[in-house]
Amino acid sequence: MFKLTGKVALITGGGSGIGRSMSVIFAAQGAIVIILDIDDAGSLATIDLIHENGGIGHYKKCSVADQDQVNTVIKGIKRTFGKIDIVVNNAGISHVGNVEKTTSADVEKLISVNVKGAYHVINAAVPGMKKRGGVILNMTSVASMVGLPDRFAYSMTKGAVLGMTLSVARDYLKYKIRCNCISPARVHTPFVDGFIAKNYPGNEKQIFKKLSATQPIGRMAHPDEVAHLALYLCSDEAGFITGSDYPIDGGFTRLNN
């Protein structure tokens, strides 16, 4: 079950965290994984993990915020592999601050990566996918559906990605292209560790415990847990699912009362 044998899967932000887990797991299930990222060291480390497990993986350095770069890279992928079956828009950046502490430059930066980045990839990939169908999976966040403190710009962009998901799902039903999204709560990634170390030096253990406890289940998610949900949604077994958002949040959105 959930085999992706022979499918070409494009995953943005595959150099670390959730993107790395998805890349390794998709490759283990038979996909030809192509990572788009700007992190050379992290992405090449992911490719090494894929190869160590007997999978096929390639890294293309590309900033999703740059439409010309995205168009060039995706044209090259189509020439080399002849198709793209799966697109996972995972690349994203965060920001801490309410509306008063968020500058116009902050908003522009987050929109350029989180919103326009996903748009650039979908816009470049969809014409080829229309010929044979496929799957688009976007990474949103619980911030797209509940109010989080000091996440003004981040929440705005993730809400936009949720709307984008529904629009693409509706417009491309007739082409057998499915589009869904996943909304994680806190996931234990290197980003979280770095954020805590930067903002709470000397108090890392206490803050990690506090942030973990905000999920009713009592811990953060592991990247592999999100990646396994992504695997299902991108597999043929999920062929009846489109236009849906999947919270993976340890009860955060429904049980926090």
# chains A, B, ... in the order shown; residues from 1 in each chain; ligands from 1

call {"tool": "select_by_dssp", "arguments": {"residues": "range 114-181 of chain A", "states": "alpha helix (DSSP H)", "output": "MDAnalysis selection string"}}
result
chainID A and resid 116:129 152:171

call {"tool": "select_by_dssp", "arguments": {"residues": "range 36-238 of chain A", "states": "strand (DSSP E or B)", "output": "ChimeraX atom specification"}}
result
/A:36-37,56-61,86-89,97,134-139,151,177-184,187,221

call {"tool": "closest_residue", "arguments": {"among": "A:Leu36, A:Met220, A:Ile111, A:Met164", "to": "Thr189 in chain A", "atoms": "only C-alpha atoms"}}
result
A:Met220

call {"tool": "decode", "arguments": {"residues": "range 47-187 of chain A", "atoms": "C-alpha atoms", "output": "tab-separated table (two decimals), in the first residue's frame"}}
result
chain	number	residue	atom	x	y	z
A	47	ILE	CA	19.86	13.03	-0.89
A	48	ASP	CA	22.53	10.97	0.86
A	49	LEU	CA	19.86	9.52	3.18
A	50	ILE	CA	17.71	8.65	0.18
A	51	HIS	CA	20.59	6.91	-1.58
A	52	GLU	CA	21.62	5.04	1.58
A	53	ASN	CA	18.12	3.54	1.66
A	54	GLY	CA	18.31	2.52	-1.99
A	55	GLY	CA	16.10	5.32	-3.29
A	56	ILE	CA	16.42	7.81	-6.12
A	57	GLY	CA	16.82	11.48	-5.29
A	58	HIS	CA	18.05	14.66	-6.96
A	59	TYR	CA	18.68	18.17	-5.68
A	60	LYS	CA	18.00	21.34	-7.67
A	61	LYS	CA	19.06	24.59	-6.04
A	62	CYS	CA	16.14	26.96	-6.42
A	63	SER	CA	14.51	29.80	-4.52
A	64	VAL	CA	10.76	29.31	-4.77
A	65	ALA	CA	10.39	33.07	-4.31
A	66	ASP	CA	12.01	33.60	-7.73
A	67	GLN	CA	9.55	32.73	-10.49
A	68	ASP	CA	12.21	32.65	-13.21
A	69	GLN	CA	14.28	30.16	-11.21
A	70	VAL	CA	11.25	27.98	-10.59
A	71	ASN	CA	10.21	28.02	-14.25
A	72	THR	CA	13.72	27.11	-15.40
A	73	VAL	CA	14.13	24.27	-12.91
A	74	ILE	CA	10.70	22.76	-13.60
A	75	LYS	CA	11.25	22.92	-17.37
A	76	GLY	CA	14.49	21.01	-16.82
A	77	ILE	CA	12.73	18.39	-14.70
A	78	LYS	CA	10.11	17.88	-17.40
A	79	ARG	CA	12.82	17.49	-20.07
A	80	THR	CA	14.77	14.98	-17.97
A	81	PHE	CA	11.95	12.89	-16.53
A	82	GLY	CA	9.11	13.61	-18.94
A	83	LYS	CA	6.57	14.31	-16.21
A	84	ILE	CA	5.81	15.50	-12.70
A	85	ASP	CA	3.29	13.36	-10.81
A	86	ILE	CA	3.44	14.90	-7.34
A	87	VAL	CA	4.11	18.43	-6.13
A	88	VAL	CA	4.60	19.12	-2.43
A	89	ASN	CA	4.83	22.80	-1.48
A	90	ASN	CA	6.63	22.52	1.83
A	91	ALA	CA	9.13	25.40	1.72
A	92	GLY	CA	8.20	28.21	4.09
A	93	ILE	CA	9.44	30.74	6.61
A	94	SER	CA	8.01	32.00	9.89
A	95	HIS	CA	7.81	35.31	11.72
A	96	VAL	CA	7.05	36.33	15.29
A	97	GLY	CA	5.09	39.52	15.94
A	98	ASN	CA	1.66	41.10	16.09
A	99	VAL	CA	0.50	43.65	13.51
A	100	GLU	CA	2.30	46.51	15.25
A	101	LYS	CA	5.58	44.62	15.38
A	102	THR	CA	5.37	43.47	11.77
A	103	THR	CA	6.92	45.68	9.13
A	104	SER	CA	5.92	45.94	5.52
A	105	ALA	CA	9.24	44.29	4.65
A	106	ASP	CA	8.35	41.36	6.94
A	107	VAL	CA	5.02	40.89	5.18
A	108	GLU	CA	6.62	41.07	1.73
A	109	LYS	CA	9.24	38.49	2.69
A	110	LEU	CA	6.70	35.99	4.03
A	111	ILE	CA	4.37	36.45	1.08
A	112	SER	CA	7.25	35.99	-1.37
A	113	VAL	CA	8.13	32.57	0.04
A	114	ASN	CA	4.98	31.16	1.65
A	115	VAL	CA	2.37	32.36	-0.85
A	116	LYS	CA	4.09	33.30	-4.08
A	117	GLY	CA	6.51	30.40	-3.69
A	118	ALA	CA	3.66	27.90	-3.71
A	119	TYR	CA	2.00	29.77	-6.58
A	120	HIS	CA	5.20	29.77	-8.64
A	121	VAL	CA	5.62	26.01	-8.32
A	122	ILE	CA	1.98	25.18	-9.03
A	123	ASN	CA	1.86	27.62	-11.95
A	124	ALA	CA	4.91	25.99	-13.55
A	125	ALA	CA	3.94	22.38	-12.86
A	126	VAL	CA	0.21	22.34	-13.64
A	127	PRO	CA	0.36	22.64	-17.46
A	128	GLY	CA	2.29	19.38	-17.72
A	129	MET	CA	0.22	17.68	-15.02
A	130	LYS	CA	-3.01	18.42	-16.93
A	131	LYS	CA	-2.04	15.79	-19.50
A	132	ARG	CA	-1.95	12.85	-17.06
A	133	GLY	CA	-3.32	14.02	-13.70
A	134	GLY	CA	-1.42	14.19	-10.46
A	135	VAL	CA	-1.36	15.41	-6.90
A	136	ILE	CA	-0.55	18.77	-5.34
A	137	LEU	CA	-0.06	18.94	-1.59
A	138	ASN	CA	0.43	22.23	0.23
A	139	MET	CA	1.74	22.65	3.76
A	140	THR	CA	-0.34	25.13	5.74
A	141	SER	CA	-0.57	25.32	9.54
A	142	VAL	CA	-3.02	25.40	12.42
A	143	ALA	CA	-2.33	29.14	12.15
A	144	SER	CA	-4.58	29.16	9.08
A	145	MET	CA	-7.64	28.27	11.15
A	146	VAL	CA	-7.11	29.48	14.73
A	147	GLY	CA	-5.73	32.68	16.21
A	148	LEU	CA	-2.17	32.29	17.46
A	149	PRO	CA	-0.47	35.02	19.48
A	150	ASP	CA	2.24	37.00	17.69
A	151	ARG	CA	1.91	35.20	14.37
A	152	PHE	CA	0.20	37.94	12.34
A	153	ALA	CA	2.10	37.69	9.05
A	154	TYR	CA	2.65	33.95	9.26
A	155	SER	CA	-1.05	33.27	9.87
A	156	MET	CA	-1.97	35.56	6.98
A	157	THR	CA	0.21	33.67	4.54
A	158	LYS	CA	-0.90	30.22	5.68
A	159	GLY	CA	-4.54	31.28	5.36
A	160	ALA	CA	-3.76	32.29	1.78
A	161	VAL	CA	-2.27	28.86	1.05
A	162	LEU	CA	-5.42	27.20	2.39
A	163	GLY	CA	-7.51	29.32	0.01
A	164	MET	CA	-5.12	28.53	-2.84
A	165	THR	CA	-5.56	24.82	-2.14
A	166	LEU	CA	-9.33	24.98	-2.43
A	167	SER	CA	-9.17	27.05	-5.62
A	168	VAL	CA	-6.72	24.73	-7.36
A	169	ALA	CA	-8.70	21.66	-6.28
A	170	ARG	CA	-11.88	23.12	-7.78
A	171	ASP	CA	-10.36	24.36	-11.02
A	172	TYR	CA	-8.49	21.17	-11.91
A	173	LEU	CA	-10.97	18.43	-11.04
A	174	LYS	CA	-11.59	17.80	-14.72
A	175	TYR	CA	-7.88	17.19	-15.28
A	176	LYS	CA	-7.67	14.55	-12.55
A	177	ILE	CA	-5.39	16.75	-10.46
A	178	ARG	CA	-6.06	16.46	-6.74
A	179	CYS	CA	-5.04	19.25	-4.37
A	180	ASN	CA	-5.07	19.05	-0.57
A	181	CYS	CA	-3.20	20.57	2.34
A	182	ILE	CA	-1.87	19.57	5.73
A	183	SER	CA	-2.04	21.87	8.77
A	184	PRO	CA	0.43	20.82	11.46
A	185	ALA	CA	0.65	22.20	14.96
A	186	ARG	CA	4.14	22.35	16.47
A	187	VAL	CA	6.56	19.86	14.96
